[in-house]
file upload_3.txt (compact mmCIF, C-alpha atoms and all ligand atoms)
# COMPACT_ATOMS: atom_id res chain seq x y z
CA MET K 74 17.39 -44.30 -34.74
CA SER K 75 13.78 -45.30 -34.17
CA ASP K 76 10.88 -43.20 -35.38
CA SER K 77 10.14 -42.20 -31.83
CA ALA K 78 13.55 -40.66 -31.43
CA THR K 79 13.17 -38.46 -34.48
CA LYS K 80 9.47 -37.59 -34.41
CA ILE K 81 8.08 -34.93 -32.20
CA ASN K 82 5.41 -36.11 -29.76
CA LEU K 83 2.58 -33.61 -30.12
CA LEU K 84 1.19 -34.55 -26.71
CA GLY K 85 4.14 -32.73 -25.20
CA LEU K 86 3.57 -29.34 -26.83
CA SER K 87 1.96 -26.54 -24.85
CA PRO K 88 -0.64 -24.49 -26.76
CA ALA K 89 2.01 -21.87 -27.59
CA LYS K 90 4.52 -24.49 -28.70
CA LEU K 91 1.93 -26.23 -30.87
CA ILE K 92 1.27 -22.93 -32.65
CA ALA K 93 5.02 -22.51 -33.18
CA PHE K 94 5.21 -26.06 -34.51
CA PHE K 95 2.51 -25.41 -37.13
CA GLU K 96 4.09 -22.12 -38.11
CA GLN K 97 7.40 -23.92 -38.67
CA GLN K 98 5.54 -26.35 -40.93
CA GLY K 99 4.28 -23.36 -42.91
CA GLU K 100 0.73 -23.89 -41.64
CA LYS K 101 -1.84 -21.51 -40.20
CA LYS K 102 -2.27 -20.95 -36.49
CA PHE K 103 -5.82 -22.32 -36.38
CA ARG K 104 -4.47 -25.77 -37.24
CA ALA K 105 -2.88 -25.78 -33.81
CA THR K 106 -6.27 -25.19 -32.21
CA GLN K 107 -7.82 -27.98 -34.25
CA VAL K 108 -5.09 -30.44 -33.33
CA LEU K 109 -5.12 -29.33 -29.69
CA LYS K 110 -8.82 -30.18 -29.55
CA TRP K 111 -8.31 -33.54 -31.23
CA LEU K 112 -5.53 -34.48 -28.86
CA HIS K 113 -6.92 -33.26 -25.59
CA GLN K 114 -10.68 -33.01 -26.01
CA GLN K 115 -11.30 -35.99 -28.28
CA GLY K 116 -8.39 -38.08 -27.01
CA ALA K 117 -7.18 -38.86 -30.54
CA SER K 118 -4.36 -41.39 -30.72
CA SER K 119 -3.76 -41.14 -34.46
CA PHE K 120 -3.77 -38.45 -37.12
CA ASP K 121 -6.32 -40.45 -39.15
CA GLU K 122 -8.99 -39.56 -36.61
CA MET K 123 -8.56 -35.83 -37.32
CA THR K 124 -11.28 -35.63 -39.93
CA ASN K 125 -11.39 -31.82 -40.27
CA ILE K 126 -7.78 -31.89 -41.47
CA SER K 127 -7.01 -32.84 -45.08
CA LYS K 128 -5.59 -36.27 -45.81
CA ALA K 129 -2.49 -34.68 -47.30
CA MET K 130 -1.82 -32.68 -44.18
CA ARG K 131 -2.43 -35.69 -41.95
CA ALA K 132 0.12 -37.66 -43.95
CA LYS K 133 2.60 -34.80 -43.67
CA LEU K 134 2.04 -34.63 -39.92
CA ALA K 135 2.54 -38.36 -39.52
CA GLU K 136 5.94 -38.02 -41.16
CA VAL K 137 7.32 -35.54 -38.65
CA ALA K 138 5.18 -36.03 -35.58
CA GLU K 139 3.56 -38.70 -33.46
CA ILE K 140 1.04 -39.11 -30.65
CA ARG K 141 2.69 -41.33 -28.09
CA GLU K 142 1.28 -42.25 -24.72
CA PRO K 143 2.79 -44.38 -21.95
CA GLU K 144 1.55 -47.94 -21.55
CA VAL K 145 -0.74 -48.69 -18.61
CA LEU K 146 0.83 -51.48 -16.55
CA LEU K 147 -1.75 -51.58 -13.80
CA ASP K 148 -5.21 -50.13 -13.19
CA LYS K 149 -6.70 -50.87 -9.76
CA THR K 150 -9.85 -49.54 -8.14
CA SER K 151 -10.28 -49.54 -4.40
CA ARG K 152 -13.57 -50.44 -2.71
CA ASP K 153 -14.30 -46.76 -2.09
CA GLY K 154 -13.75 -45.82 -5.73
CA THR K 155 -10.21 -44.51 -5.39
CA ARG K 156 -8.30 -45.61 -8.45
CA LYS K 157 -4.61 -46.08 -9.07
CA TRP K 158 -2.65 -46.58 -12.27
CA VAL K 159 0.94 -47.56 -12.84
CA ILE K 160 2.23 -46.42 -16.22
CA ARG K 161 5.46 -47.26 -18.00
CA MET K 162 7.65 -44.39 -19.12
CA ASP K 163 10.31 -44.37 -21.84
CA GLY K 164 13.40 -46.14 -20.62
CA GLY K 165 11.43 -48.64 -18.54
CA SER K 166 10.73 -46.59 -15.41
CA ALA K 167 7.22 -46.70 -14.02
CA ILE K 168 5.28 -44.10 -12.09
CA GLU K 169 1.98 -44.05 -10.25
CA MET K 170 -0.98 -41.74 -10.30
CA VAL K 171 -4.16 -41.77 -8.24
CA LEU K 172 -7.74 -40.55 -8.82
CA ILE K 173 -9.61 -39.69 -5.64
CA PRO K 174 -13.39 -39.21 -5.87
CA ASP K 175 -15.03 -37.11 -3.17
CA GLY K 176 -18.59 -35.92 -3.71
CA ASP K 177 -18.61 -33.86 -6.89
CA ARG K 178 -14.85 -33.70 -6.95
CA ARG K 179 -12.58 -36.16 -8.72
CA THR K 180 -9.01 -35.22 -8.00
CA LEU K 181 -6.11 -36.66 -9.96
CA CYS K 182 -2.76 -36.74 -8.21
CA VAL K 183 -0.09 -36.43 -10.89
CA SER K 184 3.66 -37.17 -10.82
CA SER K 185 6.29 -34.83 -12.23
CA GLN K 186 9.50 -36.85 -11.88
CA VAL K 187 10.64 -40.46 -11.73
CA GLY K 188 11.66 -40.54 -8.08
CA CYS K 189 12.61 -37.30 -6.38
CA SER K 190 15.89 -35.57 -5.62
CA LEU K 191 14.78 -33.82 -2.43
CA ASP K 192 14.89 -36.72 0.07
CA CYS K 193 12.34 -35.52 2.62
CA SER K 194 12.77 -37.82 5.60
CA PHE K 195 9.15 -39.04 5.78
CA CYS K 196 8.50 -39.63 2.06
CA SER K 197 9.01 -43.01 0.45
CA THR K 198 9.33 -41.55 -3.06
CA GLY K 199 12.47 -39.75 -1.89
CA LYS K 200 13.87 -42.98 -0.47
CA GLN K 201 13.80 -44.50 -3.93
CA GLY K 202 16.21 -41.91 -5.21
CA PHE K 203 15.91 -39.99 -8.43
CA ASN K 204 16.00 -41.00 -12.05
CA ARG K 205 14.80 -38.20 -14.31
CA ASN K 206 12.27 -35.49 -15.07
CA LEU K 207 9.08 -36.51 -16.81
CA SER K 208 8.49 -34.90 -20.20
CA THR K 209 5.45 -32.68 -20.74
CA ALA K 210 3.92 -35.52 -22.77
CA GLU K 211 4.41 -37.94 -19.87
CA ILE K 212 2.82 -35.54 -17.41
CA ILE K 213 -0.19 -34.71 -19.56
CA ALA K 214 -0.57 -38.36 -20.55
CA GLN K 215 -1.43 -39.12 -16.92
CA LEU K 216 -4.53 -36.96 -17.28
CA ARG K 217 -5.38 -38.45 -20.68
CA VAL K 218 -5.02 -41.99 -19.38
CA ALA K 219 -7.21 -41.22 -16.36
CA ILE K 220 -9.94 -39.60 -18.46
CA ARG K 221 -9.90 -42.39 -21.02
CA SER K 222 -10.12 -45.04 -18.31
CA CYS K 223 -13.31 -43.45 -17.00
CA GLY K 224 -15.35 -43.97 -20.19
CA PRO K 225 -15.64 -42.19 -23.53
CA PHE K 226 -12.94 -39.52 -23.76
CA GLU K 227 -14.69 -36.29 -22.88
CA PRO K 228 -13.02 -33.81 -20.54
CA SER K 229 -16.34 -31.99 -20.35
CA LYS K 230 -17.84 -35.07 -18.66
CA ARG K 231 -15.72 -34.12 -15.69
CA HIS K 232 -14.16 -37.49 -15.08
CA VAL K 233 -11.33 -35.46 -13.57
CA THR K 234 -12.34 -32.15 -11.98
CA ASN K 235 -9.11 -31.25 -10.17
CA VAL K 236 -5.43 -31.94 -10.66
CA VAL K 237 -2.84 -31.78 -7.91
CA MET K 238 0.84 -32.09 -8.68
CA MET K 239 1.39 -34.07 -5.49
CA GLY K 240 2.52 -37.38 -6.89
CA MET K 241 6.14 -38.42 -7.26
CA GLY K 242 8.72 -35.69 -7.67
CA GLU K 243 9.24 -32.00 -7.04
CA PRO K 244 7.38 -30.09 -9.79
CA LEU K 245 9.53 -26.96 -9.50
CA MET K 246 12.67 -29.01 -10.18
CA ASN K 247 11.11 -29.87 -13.57
CA PHE K 248 10.02 -26.35 -14.29
CA GLU K 249 9.42 -26.01 -18.01
CA ASN K 250 7.76 -29.39 -18.54
CA VAL K 251 5.48 -28.88 -15.55
CA VAL K 252 4.50 -25.35 -16.62
CA ASP K 253 3.74 -26.55 -20.16
CA ALA K 254 1.66 -29.44 -18.83
CA THR K 255 -0.34 -27.20 -16.48
CA GLN K 256 -0.98 -24.81 -19.37
CA LEU K 257 -2.54 -27.67 -21.30
CA MET K 258 -4.61 -28.59 -18.26
CA MET K 259 -6.00 -25.05 -18.04
CA ASP K 260 -6.39 -24.22 -21.75
CA ASP K 261 -9.99 -24.00 -22.97
CA ASN K 262 -9.06 -25.81 -26.17
CA ALA K 263 -7.46 -28.63 -24.18
CA TYR K 264 -8.68 -29.79 -20.74
CA GLY K 265 -10.21 -26.47 -19.70
CA LEU K 266 -9.70 -26.90 -15.96
CA SER K 267 -10.04 -23.73 -13.92
CA LYS K 268 -6.81 -22.34 -12.46
CA ARG K 269 -8.34 -22.85 -9.03
CA ARG K 270 -8.54 -26.55 -9.75
CA VAL K 271 -4.95 -27.12 -10.83
CA THR K 272 -2.57 -27.08 -7.90
CA LEU K 273 1.20 -27.23 -7.89
CA SER K 274 2.70 -28.49 -4.65
CA THR K 275 6.27 -27.62 -3.74
CA ALA K 276 8.65 -28.34 -0.90
CA GLY K 277 9.96 -24.81 -1.42
CA VAL K 278 12.29 -24.21 -4.35
CA VAL K 279 12.14 -20.46 -3.78
CA PRO K 280 13.81 -19.07 -6.95
CA ALA K 281 11.64 -21.35 -9.11
CA LEU K 282 8.54 -20.17 -7.28
CA ASP K 283 9.39 -16.58 -8.16
CA LYS K 284 9.93 -17.64 -11.76
CA LEU K 285 6.56 -19.39 -11.71
CA SER K 286 4.79 -16.17 -10.82
CA GLN K 287 5.93 -14.72 -14.15
CA VAL K 288 4.54 -17.50 -16.32
CA SER K 289 1.69 -19.22 -14.52
CA ASP K 290 -1.34 -18.75 -12.34
CA VAL K 291 -1.88 -22.28 -11.05
CA SER K 292 -2.94 -22.64 -7.45
CA LEU K 293 -0.17 -23.13 -4.94
CA ALA K 294 0.40 -25.68 -2.18
CA ILE K 295 3.48 -25.60 -0.01
CA SER K 296 4.78 -28.57 1.94
CA LEU K 297 5.69 -27.05 5.28
CA HIS K 298 5.66 -29.94 7.80
CA ALA K 299 7.36 -27.96 10.57
CA PRO K 300 6.80 -24.59 12.27
CA ASN K 301 10.48 -23.71 12.71
CA ASN K 302 13.72 -24.05 10.77
CA GLU K 303 15.43 -26.34 13.24
CA LEU K 304 12.79 -29.02 12.79
CA ARG K 305 12.15 -28.37 9.11
CA ASP K 306 15.87 -28.75 8.34
CA GLN K 307 15.55 -32.35 9.55
CA LEU K 308 12.36 -33.20 7.68
CA VAL K 309 12.70 -31.23 4.45
CA PRO K 310 16.42 -30.87 3.64
CA ILE K 311 15.86 -28.16 1.01
CA ASN K 312 14.96 -25.93 3.97
CA LYS K 313 18.68 -25.53 4.63
CA ARG K 314 18.92 -23.69 1.28
CA TYR K 315 15.60 -21.86 1.44
CA PRO K 316 14.42 -21.48 5.03
CA ILE K 317 10.82 -20.95 6.15
CA GLU K 318 10.90 -17.11 6.11
CA GLU K 319 12.04 -17.14 2.48
CA LEU K 320 9.42 -19.71 1.51
CA ILE K 321 6.61 -17.74 3.17
CA ALA K 322 7.81 -14.50 1.54
CA ALA K 323 8.00 -16.15 -1.90
CA SER K 324 4.55 -17.69 -1.42
CA ASN K 325 3.13 -14.27 -0.60
CA ARG K 326 4.80 -12.82 -3.69
CA TYR K 327 3.28 -15.62 -5.76
CA LEU K 328 -0.23 -15.07 -4.39
CA GLU K 329 0.09 -11.32 -4.98
CA SER K 330 1.07 -11.95 -8.60
CA LEU K 331 -2.22 -13.76 -9.27
CA PRO K 332 -5.00 -11.89 -11.04
CA ASP K 333 -7.53 -13.04 -8.44
CA LYS K 334 -7.50 -13.38 -4.68
CA ARG K 335 -6.47 -16.88 -3.71
CA ALA K 336 -5.09 -18.61 -0.65
CA ALA K 337 -2.27 -21.14 -0.65
CA THR K 338 -2.71 -24.63 0.74
CA VAL K 339 -0.22 -25.47 3.45
CA GLU K 340 0.48 -29.18 3.78
CA TYR K 341 1.64 -30.50 7.11
CA THR K 342 2.33 -34.20 7.54
CA LEU K 343 1.72 -35.05 11.18
CA ILE K 344 4.31 -37.42 12.59
CA ASP K 345 3.97 -38.95 16.03
CA GLY K 346 6.24 -37.30 18.59
CA VAL K 347 8.11 -35.34 15.91
CA ASN K 348 5.98 -32.36 14.83
CA ASP K 349 2.56 -33.08 16.38
CA GLN K 350 2.91 -31.54 19.83
CA PRO K 351 0.72 -28.66 21.11
CA GLU K 352 3.71 -26.31 21.08
CA HIS K 353 4.23 -27.09 17.38
CA ALA K 354 0.57 -26.31 16.73
CA ARG K 355 0.82 -22.97 18.54
CA GLU K 356 4.01 -22.04 16.71
CA LEU K 357 2.40 -23.06 13.41
CA ALA K 358 -0.71 -20.97 14.09
CA LYS K 359 1.48 -17.93 14.63
CA LEU K 360 3.51 -18.58 11.51
CA LEU K 361 0.47 -19.06 9.31
CA LYS K 362 -0.83 -15.60 10.19
CA GLN K 363 1.82 -14.40 7.76
CA LEU K 364 0.26 -16.10 4.71
CA PRO K 365 -3.29 -16.23 3.31
CA CYS K 366 -3.76 -19.99 3.48
CA LYS K 367 -5.74 -23.00 4.47
CA LEU K 368 -4.04 -25.80 6.32
CA ASN K 369 -4.22 -29.43 5.30
CA LEU K 370 -3.07 -31.83 7.99
CA ILE K 371 -1.95 -35.20 6.66
CA PRO K 372 -1.53 -37.97 9.19
CA PHE K 373 1.73 -39.71 8.32
CA ASN K 374 1.25 -42.70 6.02
CA PRO K 375 3.64 -45.34 7.24
CA PHE K 376 6.02 -47.24 4.99
CA PRO K 377 8.50 -49.91 6.01
CA ASN K 378 11.54 -48.78 7.91
CA SER K 379 10.56 -45.13 7.83
CA GLY K 380 11.26 -44.87 11.53
CA TYR K 381 8.13 -42.73 11.94
CA ARG K 382 4.61 -43.38 13.21
CA ARG K 383 1.20 -41.88 12.58
CA PRO K 384 -0.08 -39.92 15.59
CA SER K 385 -3.11 -41.14 17.53
CA GLU K 386 -6.55 -39.79 16.61
CA GLN K 387 -6.54 -37.75 19.83
CA ALA K 388 -3.20 -36.17 18.98
CA ILE K 389 -4.45 -35.28 15.50
CA GLN K 390 -7.64 -33.77 16.89
CA ARG K 391 -5.76 -31.85 19.59
CA PHE K 392 -3.40 -30.41 16.99
CA LYS K 393 -6.29 -29.43 14.73
CA ASP K 394 -8.26 -27.82 17.57
CA ILE K 395 -5.39 -25.48 18.42
CA LEU K 396 -5.22 -24.30 14.81
CA VAL K 397 -8.97 -23.93 14.48
CA ARG K 398 -9.11 -21.90 17.69
CA ALA K 399 -6.47 -19.64 16.18
CA SER K 400 -8.84 -19.09 13.20
CA ILE K 401 -6.79 -21.09 10.71
CA ILE K 402 -9.01 -22.99 8.25
CA THR K 403 -7.88 -26.52 8.87
CA THR K 404 -8.80 -29.88 7.33
CA VAL K 405 -7.48 -33.36 8.01
CA ARG K 406 -7.01 -35.67 5.05
CA ARG K 407 -9.14 -38.72 5.70
CA THR K 408 -7.62 -42.14 5.21
CA ARG K 409 -9.48 -44.21 2.67
CA GLY K 410 -9.30 -47.45 0.70
CA ASP K 411 -6.49 -49.40 2.24
CA ASP K 412 -7.02 -52.13 -0.33
CA VAL K 413 -4.90 -50.48 -3.00
CA ASP K 414 -1.33 -49.54 -2.22
CA ALA K 415 -1.13 -45.83 -2.89
CA ALA K 416 -1.01 -42.81 -0.68
CA CYS K 417 0.66 -39.52 -0.14
CA GLY K 418 4.34 -40.19 0.18
CA GLN K 419 3.90 -43.84 -0.65
CA LEU K 420 3.96 -43.60 -4.42
CA VAL K 421 6.84 -45.69 -5.53
CA GLY K 422 6.65 -46.84 -9.14
CA GLN K 423 9.86 -48.23 -10.47
CA VAL K 424 12.82 -45.95 -10.23
CA GLU K 425 16.22 -46.75 -11.57
CA ASP K 426 18.05 -44.64 -9.03
CA ARG K 427 20.82 -42.41 -10.28
CA THR K 428 21.69 -41.07 -6.88
CA ARG K 429 22.61 -44.36 -5.13
CA ARG K 430 20.46 -43.17 -2.25
CA SER K 431 18.21 -46.21 -2.59
CA GLN K 432 21.13 -48.60 -2.14
CA LYS K 433 21.32 -47.65 1.51
CA TYR K 434 17.64 -48.13 1.84
CA ILE K 435 15.96 -50.65 -0.46
CA PRO K 436 17.58 -53.83 0.96
CA VAL K 437 16.13 -52.94 4.36
CA VAL K 438 12.74 -52.03 2.89
CA GLN K 439 12.29 -55.44 1.35
CA GLU K 440 12.21 -57.18 4.72
CA GLU K 441 8.73 -55.91 5.58
CA PRO K 442 5.61 -55.80 3.40
CA ALA K 443 4.23 -52.33 2.70
CA GLN K 444 1.16 -51.16 4.60
CA GLY K 445 -0.73 -49.33 1.86
CA LYS K 446 -3.08 -46.61 2.99
CA MET K 447 -4.89 -44.27 0.71
CA SER K 448 -5.36 -40.67 1.66
CA GLN K 449 -7.70 -38.16 0.26
CA VAL K 450 -6.43 -34.93 -1.18
N1 LIG N 1 7.60 -32.37 -3.94
C1 LIG N 1 6.31 -31.77 -3.83
C2 LIG N 1 5.23 -32.64 -4.39
C3 LIG N 1 5.14 -34.02 -3.75
S1 LIG N 1 3.68 -34.08 -2.82
C4 LIG N 1 6.03 -31.36 -2.41
O1 LIG N 1 6.84 -31.68 -1.55
O2 LIG N 1 5.05 -30.68 -2.17
C5 LIG N 1 4.28 -34.35 -1.33
C6 LIG N 1 3.20 -34.36 -0.31
O3 LIG N 1 2.95 -35.71 0.06
C7 LIG N 1 3.71 -33.67 0.91
O4 LIG N 1 3.23 -32.41 1.07
C8 LIG N 1 3.14 -34.49 2.00
O5 LIG N 1 1.96 -33.90 2.37
C9 LIG N 1 2.80 -35.77 1.42
N2 LIG N 1 3.58 -36.86 1.97
C10 LIG N 1 4.81 -37.28 1.63
N3 LIG N 1 5.14 -38.35 2.35
C11 LIG N 1 4.10 -38.62 3.15
C12 LIG N 1 3.82 -39.64 4.10
N4 LIG N 1 4.67 -40.63 4.32
N5 LIG N 1 2.65 -39.59 4.74
C13 LIG N 1 1.76 -38.61 4.47
N6 LIG N 1 1.95 -37.66 3.58
C14 LIG N 1 3.11 -37.66 2.93

call {"tool": "encode", "arguments": {"input": "upload_3.txt", "output": "structure tokens", "more": "lines below"}}
Ligand code: SAH
result
Amino acid sequence: MSDSATKINLLGLSPAKLIAFFEQQGEKKFRATQVLKWLHQQGASSFDEMTNISKAMRAKLAEVAEIREPEVLLDKTSRDGTRKWVIRMDGGSAIEMVLIPDGDRRTLCVSSQVGCSLDCSFCSTGKQGFNRNLSTAEIIAQLRVAIRSCGPFEPSKRHVTNVVMMGMGEPLMNFENVVDATQLMMDDNAYGLSKRRVTLSTAGVVPALDKLSQVSDVSLAISLHAPNNELRDQLVPINKRYPIEELIAASNRYLESLPDKRAATVEYTLIDGVNDQPEHARELAKLLKQLPCKLNLIPFNPFPNSGYRRPSEQAIQRFKDILVRASIITTVRRTRGDDVDAACGQLVGQVEDRTRRSQKYIPVVQEEPAQGKMSQV
């Protein structure tokens, strides 16, 4: 067995688990805080850098633990400053993450799984099939890699101000690792991001959302995409298990469990002729009265052989106007930087599919080159 298989990767331990780790080693709790700061505030990649820890303890740590980060395979910056990385995960899979600057905000879009098991009809990640959950270390490493790429490693420099779990995968299907990673993002001794600036996006795994309310207070985004069950069943197959009413009720329960008053973000990918008609907008406006929320309209980002089209600008505006008139706070995600291939629903990475779903799909995909469009979160 290699070292990596036997040593524990400290990057993957939540603050609570790091304390437990040090207690198991017979060490004091405050060591966990020291190491947490080294790992996540100083970006340490070796125990030797941890100068406020004795040499003997560093040597002991190096015997049982390691600090292991995925390799960066690609780092591309678009003309408008949007930046994309491809990083290699254990086992050879690769995933993508994107940093989107907008005024004072620099939002990192983070992946939670290699591929995705949900198979939403308009999402290219789903078409690649599913391989596995990312570990906590692999999720948090995306933030570390992004911060390090932006200059000296200092979270306080605000290289990344917001994190959205809107990359590849369904975060609530990788519950524990995602919760641990978001705890690191929000811990003052680690990345110290405010809970309003860390957002988990879900297609609606209702029981997991209820479980989340017991252990976390991240901000919530739900991927709705349709105003009624008949249409949503076609676009978001998990709707057949947990229909819209249950998702809205669970979202309300989640918001009520938070210590502060917060609205959810509702994501709605607008697809030409499918869910972008005025009657859909009116039905959506009515539905959204049932949830404190703001609406984010995302014009469909095309990918080869999706069978869908982006609506015209007029159709997008018409849809938005109906919602705005119904007093729903509505924004449209602007399309940016089409010179790097990354966008909502277009993150692909390299997925060794375990579901065989991609076999139906990939041979057809390869006939046409991808039209990369970057969207803003
Ligand atoms: N599984 C989670 C997290 C993935 S983020 C979820 O469903 O919320 C998924 C978001 O990407 C969706 O809300 C949708 O807004 C967006 N998306 C997926 N495919 C897209 C596409 N082809 N064009 C535009 N947005 C897309």

call {"tool": "residues_around", "arguments": {"input": "upload_3.txt", "residues": "segment 328-345 of chain K", "least_positions_apart": "3", "cutoff": "6 Å", "atoms": "all atoms listed in the file", "output": "list in words"}}
result
Asp290, Leu293, Ala294, Ile295, Ser296, Leu297, His298, Asn325, Asn348, Asp349, Pro365, Cys366, Lys367, Leu368, Asn369, Leu370, Ile371, Pro372, Phe373, Arg382, Arg383 and Pro384 of chain K

call {"tool": "atom_distance", "arguments": {"input": "upload_3.txt", "atom1": "atom N1 of ligand LIG 1 (chain N)", "atom2": "atom CA of Leu304 of chain K"}}
result
17.8 Å

call {"tool": "residues_around", "arguments": {"input": "upload_3.txt", "residues": "segment 174-179 of chain K", "least_positions_apart": "6", "cutoff": "7 Å", "atoms": "all atoms listed in the file", "output": "ChimeraX atom specification"}}
result
/K:154-155,232-235

call {"tool": "closest_residue", "arguments": {"input": "upload_3.txt", "among": "K:Asp153, K:Asp192, K:Glu122, K:Glu96", "to": "ligand LIG 1 (chain N)", "atoms": "only C-alpha atoms and all ligand atoms"}}
result
K:Asp192

call {"tool": "closest_residue", "arguments": {"input": "upload_3.txt", "among": "K:Arg231, K:Lys200, K:Arg156, K:His353", "to": "ligand LIG 1 (chain N)", "atoms": "only C-alpha atoms and all ligand atoms"}}
result
K:Lys200

call {"tool": "closest_residue", "arguments": {"input": "upload_3.txt", "among": "K:Pro300, K:Pro377, K:Pro351, K:Gly240", "to": "ligand LIG 1 (chain N)", "atoms": "all atoms listed in the file"}}
result
K:Gly240

call {"tool": "closest_residue", "arguments": {"input": "upload_3.txt", "among": "K:Ala354, K:Leu207, K:Leu147, K:Cys196", "to": "ligand LIG 1 (chain N)", "atoms": "all atoms listed in the file"}}
result
K:Cys196

call {"tool": "residues_around", "arguments": {"input": "upload_3.txt", "residues": "segment 218-225 of chain K", "least_positions_apart": "6", "cutoff": "9 Å", "atoms": "only C-alpha atoms", "output": "ChimeraX atom specification"}}
result
/K:115-116,142-143,145,148,158,170-172,181,231-233

call {"tool": "closest_residue", "arguments": {"input": "upload_3.txt", "among": "K:Glu227, K:Glu243, K:Glu100, K:Glu211", "to": "ligand LIG 1 (chain N)", "atoms": "only C-alpha atoms and all ligand atoms"}}
result
K:Glu243

call {"tool": "closest_residue", "arguments": {"input": "upload_3.txt", "among": "K:Ala388, K:Ile311, K:Leu320, K:Ile395", "to": "Leu364 of chain K", "atoms": "all atoms listed in the file"}}
result
K:Leu320

call {"tool": "atom_distance", "arguments": {"input": "upload_3.txt", "atom1": "atom CA of Leu257 of chain K", "atom2": "atom CA of Ser87 of chain K"}}
result
5.8 Å

call {"tool": "atom_distance", "arguments": {"input": "upload_3.txt", "atom1": "atom CA of Leu396 of chain K", "atom2": "atom CA of Asn302 of chain K"}}
result
19.4 Å

call {"tool": "residues_around", "arguments": {"input": "upload_3.txt", "residues": "Lys80 of chain K", "least_positions_apart": "6", "cutoff": "12 Å", "atoms": "all atoms listed in the file", "output": "number ranges by chain"}}
result
K: 74, 133-141

call {"tool": "write_last_selection", "arguments": {"input": "upload_3.txt", "atoms": "C-alpha atoms", "output": "compact mmCIF listing (two decimals), in the frame of the given file"}}
result
# COMPACT_ATOMS: atom_id res chain seq x y z
CA MET K 74 17.39 -44.30 -34.74
CA LYS K 133 2.60 -34.80 -43.67
CA LEU K 134 2.04 -34.63 -39.92
CA ALA K 135 2.54 -38.36 -39.52
CA GLU K 136 5.94 -38.02 -41.16
CA VAL K 137 7.32 -35.54 -38.65
CA ALA K 138 5.18 -36.03 -35.58
CA GLU K 139 3.56 -38.70 -33.46
CA ILE K 140 1.04 -39.11 -30.65
CA ARG K 141 2.69 -41.33 -28.09

call {"tool": "decode", "arguments": {"input": "upload_3.txt", "residues": "segment 111-121 of chain K", "atoms": "N, CA, C and O atoms", "output": "PDB file, in the first residue's frame"}}
result
ATOM      1  N   TRP K 111      -2.743  26.916   9.608  1.00  0.00           N
ATOM      2  CA  TRP K 111      -1.653  26.660   8.659  1.00  0.00           C
ATOM      3  C   TRP K 111      -2.189  26.152   7.324  1.00  0.00           C
ATOM      4  O   TRP K 111      -1.767  26.594   6.265  1.00  0.00           O
ATOM      5  N   LEU K 112      -3.118  25.219   7.423  1.00  0.00           N
ATOM      6  CA  LEU K 112      -3.615  24.593   6.195  1.00  0.00           C
ATOM      7  C   LEU K 112      -4.433  25.558   5.355  1.00  0.00           C
ATOM      8  O   LEU K 112      -4.259  25.638   4.140  1.00  0.00           O
ATOM      9  N   HIS K 113      -5.347  26.273   6.028  1.00  0.00           N
ATOM     10  CA  HIS K 113      -6.359  26.991   5.255  1.00  0.00           C
ATOM     11  C   HIS K 113      -6.181  28.506   5.239  1.00  0.00           C
ATOM     12  O   HIS K 113      -6.821  29.190   4.455  1.00  0.00           O
ATOM     13  N   GLN K 114      -5.345  29.029   6.139  1.00  0.00           N
ATOM     14  CA  GLN K 114      -5.095  30.474   6.071  1.00  0.00           C
ATOM     15  C   GLN K 114      -3.715  30.785   5.514  1.00  0.00           C
ATOM     16  O   GLN K 114      -3.516  31.821   4.896  1.00  0.00           O
ATOM     17  N   GLN K 115      -2.767  29.864   5.754  1.00  0.00           N
ATOM     18  CA  GLN K 115      -1.419  30.075   5.210  1.00  0.00           C
ATOM     19  C   GLN K 115      -1.189  29.231   3.959  1.00  0.00           C
ATOM     20  O   GLN K 115      -0.184  29.412   3.276  1.00  0.00           O
ATOM     21  N   GLY K 116      -2.071  28.291   3.705  1.00  0.00           N
ATOM     22  CA  GLY K 116      -1.917  27.441   2.515  1.00  0.00           C
ATOM     23  C   GLY K 116      -0.734  26.487   2.602  1.00  0.00           C
ATOM     24  O   GLY K 116      -0.154  26.123   1.577  1.00  0.00           O
ATOM     25  N   ALA K 117      -0.379  26.063   3.819  1.00  0.00           N
ATOM     26  CA  ALA K 117       0.795  25.184   3.974  1.00  0.00           C
ATOM     27  C   ALA K 117       0.623  23.884   3.199  1.00  0.00           C
ATOM     28  O   ALA K 117      -0.454  23.298   3.173  1.00  0.00           O
ATOM     29  N   SER K 118       1.698  23.449   2.554  1.00  0.00           N
ATOM     30  CA  SER K 118       1.653  22.170   1.847  1.00  0.00           C
ATOM     31  C   SER K 118       2.543  21.138   2.513  1.00  0.00           C
ATOM     32  O   SER K 118       2.645  20.018   2.033  1.00  0.00           O
ATOM     33  N   SER K 119       3.249  21.533   3.579  1.00  0.00           N
ATOM     34  CA  SER K 119       4.060  20.549   4.299  1.00  0.00           C
ATOM     35  C   SER K 119       4.059  20.890   5.791  1.00  0.00           C
ATOM     36  O   SER K 119       3.819  22.045   6.173  1.00  0.00           O
ATOM     37  N   PHE K 120       4.333  19.866   6.598  1.00  0.00           N
ATOM     38  CA  PHE K 120       4.347  20.100   8.050  1.00  0.00           C
ATOM     39  C   PHE K 120       5.539  20.966   8.463  1.00  0.00           C
ATOM     40  O   PHE K 120       5.492  21.656   9.473  1.00  0.00           O
ATOM     41  N   ASP K 121       6.611  20.927   7.653  1.00  0.00           N
ATOM     42  CA  ASP K 121       7.813  21.720   7.983  1.00  0.00           C
ATOM     43  C   ASP K 121       7.525  23.215   8.068  1.00  0.00           C
ATOM     44  O   ASP K 121       8.211  23.950   8.773  1.00  0.00           O
TER      45      ASP K 121
END
